[in-house]
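**Student:** Can you read through this structure? Questions will come right after.
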Amino acid sequence: MKIGSRDIGVAHKPYLIAEMSGNHNQSLDRALEIVDAAAASGADAVKLQTYTAETMTLDLRTPGFVIDDPKSLWNGRNLYDLYEEAHTPWDWHAPIMERARSHGMDCFSSPFDFTAVDFLEALDVPAYKIASFELLDIPLIERVAATGKPIIMSTGMATVAEIGEAVMAARRVGAQDIILLKCTSTYPAEPLNTNLATIPTIRSAFNCEVGLSDHTMGTGVAVASVALGASLIEKHFTLARADGGVDSDFSLEPAEFQALRDECDRAWQAMGAVTFGGTTAEEGSRMFRRSLYVVQDMQAGDLLTAENLRSIRPGFGLPPKFLNTLIGRPVARPVSRGTPADWSLFMPTAD
């Protein structure tokens, strides 16, 4: 499958998404700087989130509308105010996408209601992302899938049945290209709770491309996911965590994202194929294997012993496994010290 012009799959280097989210801190100039920095750091795409506070929730301070979790980065925040602060103004989408295109990057978004899908269709986005919290919104998934664009769905918190319902809904209205992202919906997430071993099971169970939406700190978890078959990785991105912002605490800075690019590509290259017997690149190293060598001058008829036949480097003689076979056998001709052992030692020289 493709997103834009980029092939997606384990046969291709991982597709890396820099998630801007609310890290623009309500500045279009900063948003454009984030796009520039993401491009310079090796991102294949920048992702936005398309909503308003009104389309996400109600402006209430009653229980449920205020975050009440001491472990949350947003504890005590009213949902409406939080989404008002974090949302990307819709009139910024076009210039942000144009800046991404100028760098040869894709730019798409997570829509959170039908109006957002219609708006993004007018901008001709190359793909859509369904956030973990919206995976149960089957009507939204059907609306997105009906566009015919690739659809990326995060699976944080979802049961196998819930993922299956989302995939079936997308396919029911014609979706061909679906990517499911292993995701842990905590912010930040801990490696202990990431369970990357689920990635191959998602691929086999749903016959989809699989990736990772990663909220852990650093790059190690994302790099490890490549070895398990993740073909797409999404990480939150900011210019500097010290600048603050709703998602800054678990976002990568440019140098860290560049390290992610480099190490994910190395991990992908290292996967290769099932191989035994050495590679072409290793051919020059074969000489450094041990083999059997005559280590003393010998005359015709002398017997090979543990003193005059040894396993040493280089590797041009018979393999060491023949040592006991050769011990006690007479050589058929004179042999100089440093001669690699081979079967011709026991054949008389023709006159």
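In the structure tokens, chains take the letters A, B, ... in the order shown, each chain's residues start at 1, and ligands count up from 1 in the order shown.
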Within 9 Å of Ala100 of chain A, counting only C-alpha atoms, which residues show up once you throw out same-chain ones fewer than 3 positions away? Write them as number ranges by chain, please.
**Tutor:** A: 32, 35-36, 39, 45-46, 95-97, 103-107
**Student:** What's the 10 Å shell around Leu123 of chain A, counting only C-alpha atoms, without same-chain residues fewer than 4 positions away, as a PyMOL selection string?
**Tutor:** chain A and resi 93-94+97+108+117-119
**Student:** Please produce an output containing N, CA and C atoms for each residue in the selection, written as an mmCIF file, in the first residue's frame.
**Tutor:**
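The new file again.cif reads:
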```cif
data_model
loop_
_atom_site.group_PDB
_atom_site.id
_atom_site.type_symbol
_atom_site.label_atom_id
_atom_site.label_comp_id
_atom_site.auth_asym_id
_atom_site.auth_seq_id
_atom_site.Cartn_x
_atom_site.Cartn_y
_atom_site.Cartn_z
ATOM 1 N N HIS A 93 -4.695 24.707 8.583
ATOM 2 C CA HIS A 93 -4.406 23.420 7.950
ATOM 3 C C HIS A 93 -3.777 23.583 6.567
ATOM 4 N N ALA A 94 -4.352 24.449 5.732
ATOM 5 C CA ALA A 94 -3.853 24.597 4.367
ATOM 6 C C ALA A 94 -2.400 25.076 4.342
ATOM 7 N N MET A 97 -0.111 22.247 5.513
ATOM 8 C CA MET A 97 0.012 21.189 4.518
ATOM 9 C C MET A 97 0.856 21.634 3.339
ATOM 10 N N PHE A 108 -1.381 14.835 6.912
ATOM 11 C CA PHE A 108 -2.787 14.450 7.036
ATOM 12 C C PHE A 108 -3.196 14.637 8.484
ATOM 13 N N VAL A 117 -14.044 15.450 8.638
ATOM 14 C CA VAL A 117 -13.771 14.626 7.457
ATOM 15 C C VAL A 117 -14.068 15.415 6.193
ATOM 16 N N ASP A 118 -15.215 16.082 6.159
ATOM 17 C CA ASP A 118 -15.574 16.863 4.973
ATOM 18 C C ASP A 118 -14.550 17.970 4.723
ATOM 19 N N PHE A 119 -14.108 18.619 5.784
ATOM 20 C CA PHE A 119 -13.112 19.683 5.656
ATOM 21 C C PHE A 119 -11.801 19.128 5.105
#
```
**Student:** Hey, what's within 10 Å of Ala40 of chain A if we count only C-alpha atoms and toss same-chain stuff fewer than 6 positions away? As a PyMOL selection string, please?
**Tutor:** chain A and resi 34+103+254-255+257-258
**Student:** Selected residues, N, CA, C and O atoms, written as a short mmCIF file (atom, residue, chain, number, x, y, z; two decimals), in the first residue's frame, please.
**Tutor:**
```
data_model
loop_
_atom_site.label_atom_id
_atom_site.label_comp_id
_atom_site.auth_asym_id
_atom_site.auth_seq_id
_atom_site.Cartn_x
_atom_site.Cartn_y
_atom_site.Cartn_z
N ILE A 34 7.69 23.74 13.22
CA ILE A 34 7.65 22.31 13.53
C ILE A 34 7.70 21.49 12.24
O ILE A 34 8.40 20.47 12.16
N HIS A 103 8.46 20.39 1.38
CA HIS A 103 9.57 19.55 1.83
C HIS A 103 9.46 18.12 1.29
O HIS A 103 10.29 17.27 1.64
N PRO A 254 13.84 17.62 17.82
CA PRO A 254 14.38 17.30 16.48
C PRO A 254 15.56 16.33 16.49
O PRO A 254 15.58 15.37 15.70
N ALA A 255 16.55 16.54 17.34
CA ALA A 255 17.71 15.64 17.35
C ALA A 255 17.30 14.23 17.73
O ALA A 255 17.85 13.24 17.21
N PHE A 257 14.32 12.90 17.16
CA PHE A 257 13.58 12.32 16.04
C PHE A 257 14.55 11.88 14.95
O PHE A 257 14.34 10.84 14.30
N GLN A 258 15.62 12.64 14.74
CA GLN A 258 16.62 12.21 13.77
C GLN A 258 17.26 10.90 14.19
O GLN A 258 17.50 10.02 13.36
#
```
**Student:** Residues near Thr305 of chain A, anyone? I mean within 10 Å using only C-alpha atoms, not counting same-chain ones fewer than 6 positions away, as a list in words.
**Tutor:**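 Here the qualifying residues turn out to be Val294, Leu323, Asn324, Leu326, Ile327, Gly328, Arg329 and Pro330 of chain A.
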**Student:** What does the file look like for those residues with N, CA and C atoms, as a compact mmCIF listing (two decimals), in the first residue's frame?
**Tutor:**
```
# COMPACT_ATOMS: atom_id res chain seq x y z
N VAL A 294 50.05 -28.49 8.99
CA VAL A 294 51.29 -29.15 9.40
C VAL A 294 52.21 -28.07 9.97
N LEU A 323 40.80 -33.81 12.69
CA LEU A 323 42.06 -33.97 13.43
C LEU A 323 42.28 -35.42 13.87
N ASN A 324 41.32 -36.00 14.54
CA ASN A 324 41.50 -37.36 15.05
C ASN A 324 41.58 -38.38 13.93
N LEU A 326 43.15 -37.88 11.11
CA LEU A 326 44.47 -37.79 10.48
C LEU A 326 45.61 -38.23 11.41
N ILE A 327 45.43 -38.05 12.72
CA ILE A 327 46.49 -38.43 13.66
C ILE A 327 46.85 -39.92 13.47
N GLY A 328 48.16 -40.17 13.33
CA GLY A 328 48.65 -41.54 13.17
C GLY A 328 48.81 -41.98 11.74
N ARG A 329 48.38 -41.16 10.79
CA ARG A 329 48.53 -41.53 9.38
C ARG A 329 49.86 -41.02 8.85
N PRO A 330 50.56 -41.79 7.99
CA PRO A 330 51.83 -41.35 7.42
C PRO A 330 51.61 -40.45 6.21
```
**Student:** For Ala122 of chain A, which residue among A:Ala240, A:Thr275, A:Pro319, A:Trp90 is the nearest when counting only C-alpha atoms?
**Tutor:**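 Between A:Ala240, A:Thr275, A:Pro319, A:Trp90, the residue approaching Ala122 of chain A most closely is A:Trp90.
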**Student:** If we count only C-alpha atoms and set the cut-off at 10 Å, which residues sit around Lys2 of chain A, ignoring sequence neighbours fewer than 6 positions away in its own chain? Please answer as JSON, numbers by chain.
**Tutor:** {"A": [8, 9, 126, 127, 149, 150, 177]}
**Student:** Looking at only C-alpha atoms, which of A:Asn23, A:Thr115, A:Ser72, A:Ser291 is the one that sits closest to Glu54 of chain A?
**Tutor:**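 Smallest distance to Glu54 of chain A is found for A:Thr115.
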**Student:** Using Å and a single decimal, report how far atom CA of Glu162 of chain A sits from atom CA of Leu136 of chain A.
**Tutor:**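 Computing the Euclidean distance for atom CA of Leu136 of chain A and atom CA of Glu162 of chain A yields 7.0 Å.
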**Student:** Find the spatial neighbours of Ala227 of chain A, counting only C-alpha atoms, within a cut-off of 7 Å - ignore same-chain residues fewer than 4 positions away - and output them as a list of chain:residue names.
**Tutor:** A:Ala267, A:Trp268, A:Met271
**Student:** If you run DSSP over the backbone, which residues in segment 76-255 of chain A end up strand (DSSP E)? Put them as a VMD selection string.
**Tutor:** chain A and resid 106 to 111 128 to 130 151 to 154 178 to 183 209 to 214 232 to 236
**Student:** Would you compute the distance between atom CA of Asn193 of chain A and atom CA of Tyr80 of chain A? Give it in Å to one decimal.
**Tutor:** 28.8 Å
**Student:** Looking at only C-alpha atoms, which of A:Asp247, A:Asp59, A:Glu121, A:Asp7 is the one that sits closest to Leu73 of chain A?
**Tutor:** A:Asp247
**Student:** Counting only C-alpha atoms, what is within 8 Å of Asp81 of chain A, bar same-chain residues fewer than 4 positions away, as an mmCIF file with N, CA, C and O atoms, in the first residue's frame?
**Tutor:**
```
data_model
loop_
_atom_site.group_PDB
_atom_site.id
_atom_site.type_symbol
_atom_site.label_atom_id
_atom_site.label_comp_id
_atom_site.auth_asym_id
_atom_site.auth_seq_id
_atom_site.Cartn_x
_atom_site.Cartn_y
_atom_site.Cartn_z
ATOM 1 N N ALA A 53 -13.146 22.577 20.221
ATOM 2 C CA ALA A 53 -13.638 22.206 21.544
ATOM 3 C C ALA A 53 -15.114 21.846 21.476
ATOM 4 O O ALA A 53 -15.573 20.903 22.151
ATOM 5 N N ASP A 59 -18.981 22.398 27.348
ATOM 6 C CA ASP A 59 -18.306 23.340 28.249
ATOM 7 C C ASP A 59 -18.969 23.272 29.628
ATOM 8 O O ASP A 59 -19.771 24.136 30.009
ATOM 9 N N ARG A 77 -7.776 19.659 34.774
ATOM 10 C CA ARG A 77 -8.151 20.484 33.625
ATOM 11 C C ARG A 77 -9.573 20.175 33.173
ATOM 12 O O ARG A 77 -9.993 19.021 33.101
ATOM 13 N N GLU A 85 -7.334 24.857 24.022
ATOM 14 C CA GLU A 85 -5.903 25.180 23.985
ATOM 15 C C GLU A 85 -5.144 24.340 22.960
ATOM 16 O O GLU A 85 -4.230 24.824 22.296
#
```
**Student:** Any idea what the distance is between atom CA of Arg286 of chain A and atom CA of Glu263 of chain A?
**Tutor:** 29.1 Å
**Student:** Any chance you could list, as a list in words, the residues in segment 117-169 of chain A that come up alpha helix (DSSP H) when DSSP is run on the backbone?
**Tutor:** Val117, Asp118, Phe119, Leu120, Glu121, Ala122, Ile138, Pro139, Leu140, Ile141, Glu142, Arg143, Val144, Ala145, Val160, Ala161, Glu162, Ile163, Gly164, Glu165, Ala166, Val167, Met168 and Ala169 of chain A
**Student:** Can you spit out the residues from that selection as a JSON list (two decimals), in the first residue's frame, using N, CA, C and O atoms?
**Tutor:**
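Once written, out-v3.json looks like this:
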```
[["chain", "number", "residue", "atom", "x", "y", "z"],
["A", 117, "VAL", "N", -14.04, 15.45, 8.64],
["A", 117, "VAL", "CA", -13.77, 14.63, 7.46],
["A", 117, "VAL", "C", -14.07, 15.42, 6.19],
["A", 117, "VAL", "O", -13.26, 15.44, 5.25],
["A", 118, "ASP", "N", -15.22, 16.08, 6.16],
["A", 118, "ASP", "CA", -15.57, 16.86, 4.97],
["A", 118, "ASP", "C", -14.55, 17.97, 4.72],
["A", 118, "ASP", "O", -14.16, 18.23, 3.57],
["A", 119, "PHE", "N", -14.11, 18.62, 5.78],
["A", 119, "PHE", "CA", -13.11, 19.68, 5.66],
["A", 119, "PHE", "C", -11.80, 19.13, 5.10],
["A", 119, "PHE", "O", -11.19, 19.70, 4.19],
["A", 120, "LEU", "N", -11.35, 18.00, 5.63],
["A", 120, "LEU", "CA", -10.08, 17.42, 5.19],
["A", 120, "LEU", "C", -10.17, 16.88, 3.77],
["A", 120, "LEU", "O", -9.20, 16.93, 3.01],
["A", 121, "GLU", "N", -11.34, 16.39, 3.37],
["A", 121, "GLU", "CA", -11.51, 15.95, 1.99],
["A", 121, "GLU", "C", -11.35, 17.12, 1.03],
["A", 121, "GLU", "O", -10.78, 16.98, -0.06],
["A", 122, "ALA", "N", -11.82, 18.28, 1.43],
["A", 122, "ALA", "CA", -11.66, 19.47, 0.59],
["A", 122, "ALA", "C", -10.19, 19.84, 0.42],
["A", 122, "ALA", "O", -9.82, 20.47, -0.58],
["A", 138, "ILE", "N", -17.92, 3.84, 15.21],
["A", 138, "ILE", "CA", -18.08, 3.14, 13.93],
["A", 138, "ILE", "C", -18.60, 4.07, 12.84],
["A", 138, "ILE", "O", -18.12, 4.03, 11.69],
["A", 139, "PRO", "N", -19.58, 4.94, 13.11],
["A", 139, "PRO", "CA", -20.02, 5.85, 12.05],
["A", 139, "PRO", "C", -18.88, 6.75, 11.53],
["A", 139, "PRO", "O", -18.80, 7.00, 10.32],
["A", 140, "LEU", "N", -18.01, 7.20, 12.41],
["A", 140, "LEU", "CA", -16.87, 8.02, 11.96],
["A", 140, "LEU", "C", -15.93, 7.18, 11.10],
["A", 140, "LEU", "O", -15.47, 7.65, 10.04],
["A", 141, "ILE", "N", -15.65, 5.97, 11.50],
["A", 141, "ILE", "CA", -14.77, 5.10, 10.72],
["A", 141, "ILE", "C", -15.37, 4.84, 9.34],
["A", 141, "ILE", "O", -14.67, 4.88, 8.32],
["A", 142, "GLU", "N", -16.68, 4.60, 9.28],
["A", 142, "GLU", "CA", -17.32, 4.37, 7.99],
["A", 142, "GLU", "C", -17.23, 5.60, 7.10],
["A", 142, "GLU", "O", -17.00, 5.50, 5.89],
["A", 143, "ARG", "N", -17.39, 6.78, 7.70],
["A", 143, "ARG", "CA", -17.32, 8.02, 6.92],
["A", 143, "ARG", "C", -15.91, 8.20, 6.35],
["A", 143, "ARG", "O", -15.74, 8.57, 5.18],
["A", 144, "VAL", "N", -14.90, 7.93, 7.16],
["A", 144, "VAL", "CA", -13.52, 8.06, 6.70],
["A", 144, "VAL", "C", -13.21, 7.00, 5.64],
["A", 144, "VAL", "O", -12.62, 7.30, 4.59],
["A", 145, "ALA", "N", -13.60, 5.76, 5.90],
["A", 145, "ALA", "CA", -13.30, 4.68, 4.96],
["A", 145, "ALA", "C", -13.95, 4.91, 3.61],
["A", 145, "ALA", "O", -13.41, 4.51, 2.56],
["A", 160, "VAL", "N", -9.81, -7.43, 21.13],
["A", 160, "VAL", "CA", -9.77, -8.04, 19.81],
["A", 160, "VAL", "C", -11.11, -7.83, 19.09],
["A", 160, "VAL", "O", -11.15, -7.50, 17.89],
["A", 161, "ALA", "N", -12.20, -7.97, 19.83],
["A", 161, "ALA", "CA", -13.53, -7.80, 19.22],
["A", 161, "ALA", "C", -13.72, -6.36, 18.74],
["A", 161, "ALA", "O", -14.26, -6.13, 17.65],
["A", 162, "GLU", "N", -13.28, -5.40, 19.53],
["A", 162, "GLU", "CA", -13.44, -3.99, 19.14],
["A", 162, "GLU", "C", -12.60, -3.65, 17.92],
["A", 162, "GLU", "O", -13.04, -2.91, 17.03],
["A", 163, "ILE", "N", -11.38, -4.17, 17.87],
["A", 163, "ILE", "CA", -10.55, -3.95, 16.67],
["A", 163, "ILE", "C", -11.23, -4.59, 15.47],
["A", 163, "ILE", "O", -11.31, -3.99, 14.38],
["A", 164, "GLY", "N", -11.73, -5.80, 15.66],
["A", 164, "GLY", "CA", -12.41, -6.49, 14.56],
["A", 164, "GLY", "C", -13.61, -5.72, 14.04],
["A", 164, "GLY", "O", -13.82, -5.63, 12.83],
["A", 165, "GLU", "N", -14.39, -5.14, 14.94],
["A", 165, "GLU", "CA", -15.55, -4.34, 14.51],
["A", 165, "GLU", "C", -15.12, -3.13, 13.70],
["A", 165, "GLU", "O", -15.76, -2.79, 12.69],
["A", 166, "ALA", "N", -14.03, -2.48, 14.12],
["A", 166, "ALA", "CA", -13.55, -1.29, 13.40],
["A", 166, "ALA", "C", -13.04, -1.67, 12.02],
["A", 166, "ALA", "O", -13.34, -1.00, 11.02],
["A", 167, "VAL", "N", -12.28, -2.77, 11.94],
["A", 167, "VAL", "CA", -11.75, -3.20, 10.65],
["A", 167, "VAL", "C", -12.88, -3.63, 9.72],
["A", 167, "VAL", "O", -12.91, -3.27, 8.53],
["A", 168, "MET", "N", -13.85, -4.39, 10.24],
["A", 168, "MET", "CA", -14.97, -4.81, 9.41],
["A", 168, "MET", "C", -15.79, -3.63, 8.92],
["A", 168, "MET", "O", -16.24, -3.61, 7.76],
["A", 169, "ALA", "N", -15.96, -2.63, 9.78],
["A", 169, "ALA", "CA", -16.71, -1.44, 9.37],
["A", 169, "ALA", "C", -16.00, -0.73, 8.24],
["A", 169, "ALA", "O", -16.64, -0.30, 7.25]]
```
